[in-house]
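Heads up, entry_21.cif below (mmCIF, C-alpha atoms):
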data_start
#
loop_
_atom_site.group_PDB
_atom_site.id
_atom_site.type_symbol
_atom_site.label_atom_id
_atom_site.label_comp_id
_atom_site.auth_asym_id
_atom_site.auth_seq_id
_atom_site.Cartn_x
_atom_site.Cartn_y
_atom_site.Cartn_z
ATOM 1 C CA MET F 1 -85.379 -23.949 -74.096
ATOM 2 C CA ILE F 2 -87.070 -23.312 -70.754
ATOM 3 C CA GLY F 3 -83.655 -23.492 -69.070
ATOM 4 C CA VAL F 4 -82.140 -20.995 -71.494
ATOM 5 C CA VAL F 5 -85.067 -18.598 -70.997
ATOM 6 C CA ALA F 6 -84.792 -18.975 -67.216
ATOM 7 C CA ILE F 7 -81.085 -18.118 -67.300
ATOM 8 C CA PHE F 8 -81.685 -15.293 -69.766
ATOM 9 C CA ASN F 9 -84.448 -13.907 -67.492
ATOM 10 C CA PRO F 10 -86.197 -11.743 -70.108
ATOM 11 C CA ILE F 11 -88.189 -9.767 -67.528
ATOM 12 C CA LYS F 12 -85.017 -8.562 -65.830
ATOM 13 C CA VAL F 13 -83.355 -7.862 -69.174
ATOM 14 C CA VAL F 14 -86.258 -5.805 -70.529
ATOM 15 C CA SER F 15 -86.689 -3.869 -67.286
ATOM 16 C CA GLY F 16 -82.938 -3.271 -67.112
ATOM 17 C CA LEU F 17 -82.456 -1.984 -70.656
ATOM 18 C CA THR F 18 -80.427 1.170 -70.283
ATOM 19 C CA GLY F 19 -79.963 2.123 -73.884
ATOM 20 C CA ARG F 20 -79.347 1.197 -77.468
ATOM 21 C CA GLY F 21 -76.280 -0.918 -76.606
ATOM 22 C CA ASP F 22 -78.355 -3.394 -74.595
ATOM 23 C CA LEU F 23 -80.815 -3.838 -77.437
ATOM 24 C CA ILE F 24 -78.005 -4.319 -79.956
ATOM 25 C CA GLY F 25 -76.441 -6.931 -77.660
ATOM 26 C CA ILE F 26 -79.715 -8.852 -77.422
ATOM 27 C CA ILE F 27 -80.187 -8.709 -81.195
ATOM 28 C CA LEU F 28 -76.611 -9.924 -81.758
ATOM 29 C CA ALA F 29 -77.122 -12.792 -79.292
ATOM 30 C CA ILE F 30 -80.270 -13.879 -81.142
ATOM 31 C CA ALA F 31 -78.474 -13.546 -84.498
ATOM 32 C CA ALA F 32 -75.617 -15.681 -83.146
ATOM 33 C CA ALA F 33 -78.058 -18.401 -82.087
ATOM 34 C CA ILE F 34 -79.709 -18.375 -85.514
ATOM 35 C CA THR F 35 -76.389 -18.533 -87.386
ATOM 36 C CA TRP F 36 -75.161 -21.333 -85.090
ATOM 37 C CA ALA F 37 -78.325 -23.307 -85.863
ATOM 38 C CA LEU F 38 -77.803 -22.705 -89.588
ATOM 39 C CA TYR F 39 -74.151 -23.777 -89.289
ATOM 40 C CA THR F 40 -75.157 -26.994 -87.515
ATOM 41 C CA ILE F 41 -77.777 -27.866 -90.125
ATOM 42 C CA LEU F 42 -75.425 -27.157 -93.030
ATOM 43 C CA THR F 43 -72.742 -29.191 -91.286
ATOM 44 C CA LYS F 44 -74.981 -32.246 -91.063
ATOM 45 C CA LYS F 45 -75.910 -31.960 -94.738
ATOM 46 C CA ARG F 46 -72.367 -31.460 -96.063
ATOM 47 C CA ILE F 47 -69.968 -33.211 -93.682
ATOM 48 C CA SER F 48 -70.356 -36.568 -95.425
ATOM 49 C CA ILE F 49 -69.319 -34.903 -98.706
ATOM 50 C CA TYR F 50 -66.372 -32.765 -97.592
ATOM 51 C CA GLY F 51 -65.287 -34.304 -94.294
ATOM 52 C CA GLY F 52 -64.771 -32.584 -90.953
ATOM 53 C CA TYR F 53 -61.321 -31.118 -91.595
ATOM 54 C CA VAL F 54 -62.229 -29.447 -94.892
ATOM 55 C CA PHE F 55 -65.535 -28.178 -93.538
ATOM 56 C CA ASN F 56 -63.785 -26.844 -90.439
ATOM 57 C CA PHE F 57 -61.110 -25.131 -92.538
ATOM 58 C CA PHE F 58 -63.613 -23.248 -94.673
ATOM 59 C CA ALA F 59 -65.791 -22.346 -91.679
ATOM 60 C CA PHE F 60 -62.727 -20.878 -89.925
ATOM 61 C CA CYS F 61 -61.650 -19.000 -93.068
ATOM 62 C CA PHE F 62 -65.123 -17.495 -93.384
ATOM 63 C CA GLY F 63 -65.097 -16.527 -89.700
ATOM 64 C CA VAL F 64 -61.652 -14.906 -89.941
ATOM 65 C CA LEU F 65 -62.673 -12.992 -93.057
ATOM 66 C CA ALA F 66 -65.894 -11.780 -91.424
ATOM 67 C CA LEU F 67 -64.001 -10.666 -88.314
ATOM 68 C CA LEU F 68 -61.365 -8.904 -90.417
ATOM 69 C CA ILE F 69 -64.063 -6.992 -92.297
ATOM 70 C CA ILE F 70 -65.720 -5.964 -89.024
ATOM 71 C CA LEU F 71 -62.395 -4.776 -87.588
ATOM 72 C CA ILE F 72 -61.603 -2.761 -90.712
ATOM 73 C CA VAL F 73 -65.085 -1.209 -90.941
ATOM 74 C CA THR F 74 -65.094 -0.256 -87.257
ATOM 75 C CA LYS F 75 -61.472 1.006 -87.544
ATOM 76 C CA ARG F 76 -60.221 -1.187 -84.731
ATOM 77 C CA PRO F 77 -56.621 -2.389 -84.476
ATOM 78 C CA ILE F 78 -55.987 -5.873 -85.801
ATOM 79 C CA PHE F 79 -52.718 -6.937 -84.158
ATOM 80 C CA THR F 80 -52.630 -4.704 -81.072
ATOM 81 C CA GLY F 81 -52.156 -6.674 -77.872
ATOM 82 C CA ILE F 82 -50.410 -9.653 -79.449
ATOM 83 C CA LYS F 83 -47.056 -9.970 -77.714
ATOM 84 C CA PHE F 84 -44.474 -12.695 -77.264
ATOM 85 C CA ASP F 85 -45.620 -13.495 -73.704
ATOM 86 C CA ASN F 86 -49.233 -14.166 -74.752
ATOM 87 C CA ILE F 87 -48.631 -15.887 -78.090
ATOM 88 C CA LEU F 88 -48.614 -19.360 -76.480
ATOM 89 C CA VAL F 89 -52.018 -18.677 -74.935
ATOM 90 C CA LEU F 90 -53.344 -17.563 -78.341
ATOM 91 C CA ILE F 91 -51.953 -20.672 -80.030
ATOM 92 C CA TYR F 92 -53.462 -22.890 -77.316
ATOM 93 C CA MET F 93 -56.843 -21.178 -77.675
ATOM 94 C CA GLY F 94 -56.745 -21.429 -81.464
ATOM 95 C CA VAL F 95 -55.552 -25.015 -81.739
ATOM 96 C CA CYS F 96 -56.831 -26.795 -78.636
ATOM 97 C CA ILE F 97 -60.012 -24.943 -77.835
ATOM 98 C CA LYS F 98 -61.252 -23.861 -81.249
ATOM 99 C CA ALA F 99 -59.793 -26.234 -83.828
ATOM 100 C CA LEU F 100 -59.984 -29.450 -81.803
ATOM 101 C CA GLY F 101 -63.307 -28.411 -80.269
ATOM 102 C CA TYR F 102 -64.882 -27.947 -83.685
ATOM 103 C CA ILE F 103 -63.321 -31.104 -85.096
ATOM 104 C CA PHE F 104 -64.805 -33.090 -82.205
ATOM 105 C CA TYR F 105 -68.132 -31.276 -82.625
ATOM 106 C CA LEU F 106 -68.242 -32.058 -86.355
ATOM 107 C CA GLY F 107 -67.391 -35.676 -85.557
ATOM 108 C CA ALA F 108 -70.313 -35.760 -83.140
ATOM 109 C CA VAL F 109 -72.625 -34.293 -85.787
ATOM 110 C CA ARG F 110 -71.446 -36.902 -88.309
ATOM 111 C CA GLU F 111 -71.797 -39.835 -85.883
ATOM 112 C CA THR F 112 -75.070 -38.825 -84.228
ATOM 113 C CA SER F 113 -77.410 -36.060 -85.302
ATOM 114 C CA ALA F 114 -77.372 -32.279 -85.426
ATOM 115 C CA ILE F 115 -79.880 -32.214 -82.565
ATOM 116 C CA THR F 116 -77.830 -34.469 -80.284
ATOM 117 C CA ALA F 117 -74.581 -32.603 -80.986
ATOM 118 C CA SER F 118 -76.308 -29.266 -80.340
ATOM 119 C CA MET F 119 -77.663 -30.506 -77.017
ATOM 120 C CA VAL F 120 -74.099 -31.000 -75.835
ATOM 121 C CA PHE F 121 -73.438 -27.332 -76.625
ATOM 122 C CA LEU F 122 -76.390 -26.401 -74.399
ATOM 123 C CA ILE F 123 -74.703 -28.210 -71.520
ATOM 124 C CA LYS F 124 -71.511 -26.153 -71.944
ATOM 125 C CA PRO F 125 -72.900 -22.861 -70.497
ATOM 126 C CA ALA F 126 -74.430 -24.745 -67.582
ATOM 127 C CA LEU F 127 -71.119 -26.474 -66.901
ATOM 128 C CA ALA F 128 -69.212 -23.174 -67.152
ATOM 129 C CA THR F 129 -71.622 -21.602 -64.665
ATOM 130 C CA ILE F 130 -71.230 -24.461 -62.203
ATOM 131 C CA LEU F 131 -67.430 -24.346 -62.511
ATOM 132 C CA SER F 132 -67.375 -20.560 -62.032
ATOM 133 C CA MET F 133 -69.348 -21.050 -58.843
ATOM 134 C CA LEU F 134 -67.051 -23.815 -57.570
ATOM 135 C CA ILE F 135 -63.676 -22.460 -58.690
ATOM 136 C CA LEU F 136 -64.170 -18.686 -58.703
ATOM 137 C CA ASN F 137 -66.711 -18.501 -55.862
ATOM 138 C CA GLU F 138 -69.086 -16.494 -58.031
ATOM 139 C CA LYS F 139 -72.598 -15.939 -56.743
ATOM 140 C CA ILE F 140 -75.259 -17.610 -58.858
ATOM 141 C CA GLU F 141 -78.829 -16.298 -58.918
ATOM 142 C CA VAL F 142 -81.790 -18.631 -58.397
ATOM 143 C CA ASN F 143 -83.028 -18.252 -61.983
ATOM 144 C CA VAL F 144 -79.631 -19.479 -63.238
ATOM 145 C CA ILE F 145 -79.792 -22.578 -61.021
ATOM 146 C CA VAL F 146 -83.344 -23.282 -62.229
ATOM 147 C CA GLY F 147 -82.191 -22.827 -65.827
ATOM 148 C CA ILE F 148 -79.247 -25.186 -65.350
ATOM 149 C CA VAL F 149 -81.529 -27.848 -63.886
ATOM 150 C CA PHE F 150 -83.911 -27.538 -66.856
ATOM 151 C CA ILE F 151 -81.014 -27.737 -69.330
ATOM 152 C CA ILE F 152 -79.529 -30.847 -67.709
ATOM 153 C CA VAL F 153 -82.906 -32.588 -67.357
ATOM 154 C CA GLY F 154 -83.882 -31.672 -70.931
ATOM 155 C CA SER F 155 -80.557 -32.909 -72.275
ATOM 156 C CA TYR F 156 -80.922 -36.172 -70.350
ATOM 157 C CA ILE F 157 -84.442 -36.702 -71.713
ATOM 158 C CA ASN F 158 -83.220 -36.011 -75.239
ATOM 159 C CA PHE F 159 -80.266 -38.413 -74.941
ATOM 160 C CA ALA F 160 -82.399 -41.121 -73.311
ATOM 161 C CA ASP F 161 -85.032 -40.785 -76.029
ATOM 162 C CA GLY F 162 -82.348 -40.981 -78.720
ATOM 163 C CA LYS F 163 -80.920 -44.175 -77.203
ATOM 164 C CA LYS F 164 -84.430 -45.642 -76.966
ATOM 165 C CA GLN F 165 -85.069 -44.891 -80.643
ATOM 166 C CA GLU F 166 -81.721 -46.477 -81.596
ATOM 167 C CA ARG F 167 -82.664 -49.678 -79.734
ATOM 168 C CA VAL F 168 -86.062 -49.782 -81.457
ATOM 169 C CA LEU F 169 -84.433 -49.309 -84.875
ATOM 170 C CA LYS F 170 -81.854 -52.052 -84.182
ATOM 171 C CA LYS F 171 -84.587 -54.463 -83.100
ATOM 172 C CA GLY F 172 -86.566 -53.613 -86.234
ATOM 173 C CA VAL F 173 -83.537 -54.317 -88.429
ATOM 174 C CA GLN F 174 -82.899 -57.669 -86.738
ATOM 175 C CA LEU F 175 -86.490 -58.852 -87.272
#

Turn this file's structure into structure tokens for me.
Amino acid sequence: MIGVVAIFNPIKVVSGLTGRGDLIGIILAIAAAITWALYTILTKKRISIYGGYVFNFFAFCFGVLALLIILIVTKRPIFTGIKFDNILVLIYMGVCIKALGYIFYLGAVRETSAITASMVFLIKPALATILSMLILNEKIEVNVIVGIVFIIVGSYINFADGKKQERVLKKGVQL
């Protein structure tokens, strides 16, 4: 959490608020984090009953329906921008990135714990930041580097502690 706060840099955000849009963005980001946490917890409770594919299907259907409602309410176009030359990219993003990503994530939740699987998702923004620096030559601020270090160290501690607890439980079962 310290790493996320360091990257988020709340002092800079609050001092840089320029209007209602910034505040709405912050509120939506917090709401997204809360709903993701709820999704992860519900996943852990229900995946053994329904399985990853069924759970993924209904989660995607709910997401598509929610997005459709938002687009209709805000009177935004639904199919504008979809053309033959970008349909392959959309299919790749939908199948490879989203569908397979969530199936693997749900498998990780089923095989480990909701906490361990969520920690991997905390590594993703740090990895994306590092890759943007290496591949795109983007400039990274010091607070972001500090945040990435905290995220990686925290994730390592969590994984190491989880492995240690597994070994203790296995030894206890063997006795």

Do a neighbour search on region 36-52 of chain F at 8 Å with all atoms listed in the file, toss out local chain neighbours closer than 5 positions, and write the hits as a PyMOL selection string.
-> chain F and resi 103+106-107+109-110+113-114+118

Measure the distance from CA of Pro77 (chain F) to CA of Val95 (chain F) in Å and round it to one decimal.
->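 Answer for the CA of Pro77 (chain F) to CA of Val95 (chain F) separation: 22.8 Å.
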
Using the chain letters and residue numbers of this document, give as number ranges by chain the residues selected by the PyMOL selection byres ((chain F and resi 4) around 12).
-> F: 1-3, 5-10, 33, 119, 121-126, 143-152, 154

Write out as a list in words the residues lying within 12 Å of Leu67 (chain F), counting all atoms listed in the file and excluding same-chain residues fewer than 6 positions away.
->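 So the residues in contact are Phe60, Cys61, Val73, Thr74, Lys75, Arg76, Pro77 and Ile78 of chain F.
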
Gap from CA of Thr116 (chain F) to CA of Asn158 (chain F) - Å, one decimal |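 CA of Asn158 (chain F) lies at a distance of 7.5 Å from CA of Thr116 (chain F).
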